[in-house]
Amino acid sequence: MKIISLIFSIIFTCNLYGQSIRGTIVDINGESIPSVKLNNISKELFKISETDGSFQIKANSGDTINFYTYGFDSTQLIVTDKDLGDTKFKVRLLTSIQVINEAHVIKKRLAEFDVGYLPPITGVRINTGTNSVILLGKLNGSKSTANPREIFAKVPGLNIWESDGSGIQIGIGGRGLSPNRAANFNTRQNGYDISADALGYPESYYTPPIEALKSIEIIRGSASLQFGTQFGGLLNFVIKDAPVNSPFEITTRNTAGAYGYLASFNRVAGSVKRFYYQAYYQYKRGNGYRYNSEFSQQQLFAQIGYHITENVKVRLEYTHMDYLARQAGGLTDLQFNIDPKVSLRERNWFNVDWNILALHYDHEFSNKAHFNVRAFGMKSGRNNLGFLGKITQADHNGVRDMISGKFQNVGVEARFLRRYTVFKDTSKPNLRGAFLIGGRYYQGNSIAEQGLATDGSAADFTFQNSLDLENSSYSFPSENLAVFAENIFFLGKKWTFNFGMRLENISSSSEGYYKQYVIHPINNDTIAIYINNDSRSVKRVVPLFGGGGAFKVGKRAKVYANFTQNYRAINFTDIRITNPNIIVDSLIKDEYGSTTEIGFRGLHKDYLIYDLAGFYIFYGDKIGLAPKAGTAQKERTNIGDAQNYGVELFTEIDFVKMKNDSSNHSLSLFVNGAYINANYIRSKEANFVDKKVEYVSSFIFKSGVKYRYKGWSFQLQGSYNSEQFSDASNSIIPSGDAVIGLIPSYFVMDFSTRYTMKKRFQFELSLNNLTNASYFTRRATGYPGPGILPSDGIGAYFTLQYQFRASSK
């Protein structure tokens, strides 16, 4: 009898230990609240709610559970026996005085649309001015190939370079800024830098897999001063979070498509007690749309995090990417018109090896104070190999040129955000807000070498004489110390004001040598070689200011205005590269300017989203490409002062939700249009004044329809860019080497469909460039050209996804 009693006692004890409470966390409107922290005080257990607000945590009757998240009053629950058996249990959190109503509007909006706007305050960040967030989980399109026309279809004013159809690298520019490797954005991943050198060489050769991302954030206006000085603002790739209520989740996505394209993306993730983790690996290869354009790429990401306490957490992240691509080279206009797939270069190669390490520390002192430190380091490189001559010159299989770049940088950035309330007296207008202060230290060093390599056709990235290069060898150290502050306050229920500043202390240097050759005019023999040792250093202190305001004209609509100053340092690494297609002005200097915007945006009854904005950008000492006076050469120099102004419009309406918001059907139409007038207003060359700025389409228009029903989704969209110029002289007739000339207007259509079955399987089909339009978006001056770089023709891509998530015990 004692044995039986003991067995029953053990079973009863185990049953109690295995009990748990599960349910959903909602606000006063019944909307789910994601990422709420749960702490079973009685058992010292810790959990976080899922993105849909659901949660599960071990508990017994009588345990006390604390629920807490930003913007809501913390709530304590004493568990009863009834709670343990109720699977539909709901915890309702009340809005705290610090919450900003717009945040709830945005949550609701993003539940219906795959694009929206960031709330004014998130974590240790203030989001004001023009901003967009793209939710990639709801997005149609070819994610494996990262088709930028589909990914950025609902962000107004973006010009896209489409010479890379594999999605290895994205080139975008907004409001008349150059799309070249997104260099006019401060490009980040999870909030830390991923570009080669944030100051001296801000181009990014690395783009994370779209399949791994939760969202893409674009922040412009005064709030962008928190991140840097760039004219384009912030471009932040946000990687998916690890599931908080599952110890193990696996996702595999496999894609096959046109031109021999094959790709596989695999991710594992989970949370175990206070630990959370994730890792993914992506591999893709293909033959490319053009001849001699095969490629292979692999990406690896690993993350591990730990909740030290309920309010303190750390996480470590490592990113690796490498790829090898054969470069088909550029074409002349005649060659492009005959056959855009043709290639005149068989021996040109490009490879990249990218490595980033980042450490995050977050401390929430209370629901009003939040501190964050992120430290990061990068060690990467890229190599260009091939024949650099003009596209009109044949490659006679001689020795090839090689340009090697090695990039190393480290940095640390700290931020502290404090929410406050000034007037609590109900007889006065309520004044509440948040103050952000932060600092950043950054140190980088880039090494650029150029010389002769092998004479074969293989991807052999080896200098013939690494100790005495034939062209140049330079190091470009840089150092940056910056402090920044941002304040946002809410006056009453309608007015919002924000002010920001940034103080940059920048030091950049170059040290090395370059060689000059004296060539005999008749037999082309080398008569003499001069070695020029070169050393220079530039130090500057740059203060930048910004501010803005907004006024609510309705519950979910507001008028806003912003002004911010901008600055962009010269790229030393561009100055000392020998390129037979262009020359670089040795006196080239930094660019400066400002951005002003005014707009009206909102949400109407959950079925209509809209944003109408006007902007003006002053761009001082803008760097560009132009014919050099009195010569037949093209020169990269400070052309002069430019102005970019225009109007942007984005709107999307769901016709079914307009009639019946509870319907399973959805039929939406989006329209995204921009008019941009970018021209030079001052120049050292009088004939450039009033000329159009390079790579700016006056009209950019994207529109599409999307139908959704249960697990099905279909989308058809079109993209149009008007003609644009490739140089400051606005040459319409192309040069013989096709480096300068008109870029004609083009229109491209894309179709995509997706079906999700039982939340585990997903099937995707994308048809890119549906009408097989022949067009190009870029004329390259060097690698990967020179000359016209054709965009991809029609291509079909099919993806199969499977996901499994283990339940939390």
# chains A, B, ... in the order shown; residues from 1 in each chain; ligands from 1

$ closest_atom_pairs --of "stretch 172-259 of chain A" --to "stretch 408-419 of chain A" --cutoff "12 Å" --atoms "only C-alpha atoms" --output "Markdown table"
| residue | atom | partner | partner_atom | distance |
| --- | --- | --- | --- | --- |
| A:Gly191 | CA | A:Glu413 | CA | 9.8 |
| A:Tyr192 | CA | A:Glu413 | CA | 8.6 |
| A:Asp193 | CA | A:Gly411 | CA | 8.7 |
| A:Ile194 | CA | A:Asn409 | CA | 9.9 |
| A:Ser195 | CA | A:Asn409 | CA | 9.7 |
| A:Ala196 | CA | A:Gln408 | CA | 7.7 |
| A:Asp197 | CA | A:Asn409 | CA | 7.0 |
| A:Ala198 | CA | A:Asn409 | CA | 9.0 |
| A:Leu199 | CA | A:Asn409 | CA | 10.7 |
| A:Gly200 | CA | A:Asn409 | CA | 11.2 |
| A:Tyr201 | CA | A:Asn409 | CA | 11.3 |
| A:Pro202 | CA | A:Asn409 | CA | 11.9 |
| A:Gln226 | CA | A:Arg415 | CA | 9.4 |
| A:Phe227 | CA | A:Glu413 | CA | 9.6 |
| A:Gly228 | CA | A:Glu413 | CA | 11.6 |

$ residues_around --residues "stretch 645-655 of chain A" --least-positions-apart "3" --cutoff "6 Å" --atoms "only C-alpha atoms" --output "ChimeraX atom specification"
/A:156,607-616,658,667-677

$ residues_around --residues "A:Lys628" --least-positions-apart "3" --cutoff "10 Å" --atoms "only C-alpha atoms" --output "PyMOL selection string"
chain A and resi 582-583+585+625+631-637+685

$ residues_around --residues "A:Asn372" --least-positions-apart "6" --cutoff "10 Å" --atoms "only C-alpha atoms" --output "list in words"
Gly123, Val124, Arg125, Val312, Lys313, Val314, His360, Tyr361, Asp362, His363, Glu364, Glu413, Ala414, Arg415, Phe416, Leu417 and Gly438 of chain A

$ write_last_selection --atoms "N, CA and C atoms" --output "PDB file, in the first residue's frame"
ATOM      1  N   GLY A 123      12.371  50.530 -28.781  1.00  0.00           N
ATOM      2  CA  GLY A 123      13.604  50.192 -28.079  1.00  0.00           C
ATOM      3  C   GLY A 123      14.414  51.418 -27.743  1.00  0.00           C
ATOM      4  N   VAL A 124      15.657  51.485 -28.245  1.00  0.00           N
ATOM      5  CA  VAL A 124      16.529  52.639 -28.019  1.00  0.00           C
ATOM      6  C   VAL A 124      16.630  53.478 -29.288  1.00  0.00           C
ATOM      7  N   ARG A 125      15.531  53.615 -29.973  1.00  0.00           N
ATOM      8  CA  ARG A 125      15.548  54.318 -31.251  1.00  0.00           C
ATOM      9  C   ARG A 125      14.318  55.198 -31.375  1.00  0.00           C
ATOM     10  N   VAL A 312      17.754  42.144 -18.657  1.00  0.00           N
ATOM     11  CA  VAL A 312      19.109  42.239 -19.216  1.00  0.00           C
ATOM     12  C   VAL A 312      19.345  41.040 -20.126  1.00  0.00           C
ATOM     13  N   LYS A 313      19.824  41.307 -21.336  1.00  0.00           N
ATOM     14  CA  LYS A 313      20.122  40.215 -22.256  1.00  0.00           C
ATOM     15  C   LYS A 313      21.338  40.560 -23.104  1.00  0.00           C
ATOM     16  N   VAL A 314      22.017  39.533 -23.566  1.00  0.00           N
ATOM     17  CA  VAL A 314      23.165  39.688 -24.462  1.00  0.00           C
ATOM     18  C   VAL A 314      22.977  38.732 -25.627  1.00  0.00           C
ATOM     19  N   HIS A 360      25.737  42.337 -28.832  1.00  0.00           N
ATOM     20  CA  HIS A 360      24.703  43.259 -28.352  1.00  0.00           C
ATOM     21  C   HIS A 360      24.500  43.079 -26.852  1.00  0.00           C
ATOM     22  N   TYR A 361      24.303  44.197 -26.162  1.00  0.00           N
ATOM     23  CA  TYR A 361      23.957  44.175 -24.741  1.00  0.00           C
ATOM     24  C   TYR A 361      22.783  45.118 -24.533  1.00  0.00           C
ATOM     25  N   ASP A 362      21.680  44.606 -23.971  1.00  0.00           N
ATOM     26  CA  ASP A 362      20.479  45.406 -23.718  1.00  0.00           C
ATOM     27  C   ASP A 362      20.136  45.356 -22.239  1.00  0.00           C
ATOM     28  N   HIS A 363      19.868  46.541 -21.688  1.00  0.00           N
ATOM     29  CA  HIS A 363      19.472  46.635 -20.278  1.00  0.00           C
ATOM     30  C   HIS A 363      18.266  47.564 -20.181  1.00  0.00           C
ATOM     31  N   GLU A 364      17.143  47.009 -19.771  1.00  0.00           N
ATOM     32  CA  GLU A 364      15.935  47.797 -19.548  1.00  0.00           C
ATOM     33  C   GLU A 364      15.837  48.095 -18.056  1.00  0.00           C
ATOM     34  N   GLU A 413      29.019  51.230 -30.365  1.00  0.00           N
ATOM     35  CA  GLU A 413      27.990  52.259 -30.336  1.00  0.00           C
ATOM     36  C   GLU A 413      27.118  52.030 -29.114  1.00  0.00           C
ATOM     37  N   ALA A 414      26.931  53.083 -28.323  1.00  0.00           N
ATOM     38  CA  ALA A 414      26.126  52.999 -27.106  1.00  0.00           C
ATOM     39  C   ALA A 414      24.978  53.992 -27.200  1.00  0.00           C
ATOM     40  N   ARG A 415      23.804  53.571 -26.692  1.00  0.00           N
ATOM     41  CA  ARG A 415      22.601  54.415 -26.728  1.00  0.00           C
ATOM     42  C   ARG A 415      21.848  54.293 -25.409  1.00  0.00           C
ATOM     43  N   PHE A 416      21.318  55.409 -24.981  1.00  0.00           N
ATOM     44  CA  PHE A 416      20.463  55.422 -23.795  1.00  0.00           C
ATOM     45  C   PHE A 416      19.219  56.237 -24.107  1.00  0.00           C
ATOM     46  N   LEU A 417      18.050  55.635 -23.897  1.00  0.00           N
ATOM     47  CA  LEU A 417      16.785  56.309 -24.155  1.00  0.00           C
ATOM     48  C   LEU A 417      15.996  56.398 -22.852  1.00  0.00           C
ATOM     49  N   GLY A 438      23.655  59.194 -27.400  1.00  0.00           N
ATOM     50  CA  GLY A 438      24.521  58.075 -27.734  1.00  0.00           C
ATOM     51  C   GLY A 438      25.872  58.515 -28.230  1.00  0.00           C
TER      52      GLY A 438
END

$ select_by_dssp --residues "stretch 220-354 of chain A" --states "helix (DSSP H, G or I)" --output "PyMOL selection string"
chain A and resi 222-226+333-338

$ select_by_dssp --residues "stretch 591-734 of chain A" --states "strand (DSSP E)" --output "VMD selection string"
chain A and resid 591 to 604 608 to 627 634 to 654 665 to 683 699 to 709 712 to 721 724 to 725

$ closest_residue --among "A:Asn687, A:Ser132, A:Ser726, A:Ser703" --to "A:Met749" --atoms "only C-alpha atoms"
A:Ser703

$ residues_around --residues "stretch 742-745 of chain A" --least-positions-apart "6" --cutoff "8 Å" --atoms "only C-alpha atoms" --output "PyMOL selection string"
chain A and resi 720-726+730-734+775-779

$ residues_around --residues "stretch 392-404 of chain A" --least-positions-apart "4" --cutoff "8 Å" --atoms "only C-alpha atoms" --output "VMD selection string"
chain A and resid 332 344 to 345 381 to 388 447 to 457 461 463 736 to 737

$ residues_around --residues "A:Ala561" --least-positions-apart "6" --cutoff "6 Å" --atoms "only C-alpha atoms" --output "list in words"
Gly548, Gly549, Glu597 and Ile598 of chain A

$ closest_atom_pairs --of "stretch 104-185 of chain A" --to "stretch 255-259 of chain A" --cutoff "10 Å" --atoms "only C-alpha atoms" --output "JSON lines"
{"residue": "A:Ser142", "atom": "CA", "partner": "A:Thr255", "partner_atom": "CA", "distance": 9.4}
{"residue": "A:Lys143", "atom": "CA", "partner": "A:Thr255", "partner_atom": "CA", "distance": 9.6}
{"residue": "A:Ser144", "atom": "CA", "partner": "A:Thr255", "partner_atom": "CA", "distance": 7.0}
{"residue": "A:Thr145", "atom": "CA", "partner": "A:Thr255", "partner_atom": "CA", "distance": 9.1}

$ write_last_selection --atoms "N, CA, C and O atoms" --output "JSON list (two decimals), in the first residue's frame"
[["chain", "number", "residue", "atom", "x", "y", "z"],
["A", 142, "SER", "N", 10.08, 36.76, -55.73],
["A", 142, "SER", "CA", 11.20, 35.82, -55.72],
["A", 142, "SER", "C", 12.19, 36.22, -54.63],
["A", 142, "SER", "O", 13.08, 37.04, -54.85],
["A", 143, "LYS", "N", 12.04, 35.63, -53.45],
["A", 143, "LYS", "CA", 12.92, 35.99, -52.33],
["A", 143, "LYS", "C", 14.31, 35.39, -52.49],
["A", 143, "LYS", "O", 15.30, 35.99, -52.06],
["A", 144, "SER", "N", 14.41, 34.23, -53.09],
["A", 144, "SER", "CA", 15.71, 33.60, -53.26],
["A", 144, "SER", "C", 16.62, 34.43, -54.14],
["A", 144, "SER", "O", 17.80, 34.61, -53.85],
["A", 145, "THR", "N", 16.08, 34.96, -55.23],
["A", 145, "THR", "CA", 16.87, 35.81, -56.13],
["A", 145, "THR", "C", 16.83, 37.27, -55.72],
["A", 145, "THR", "O", 17.46, 38.11, -56.37]]

$ closest_residue --among "A:Val538, A:Val342, A:Ala686, A:Ile681" --to "A:Ala629" --atoms "only C-alpha atoms"
A:Ala686
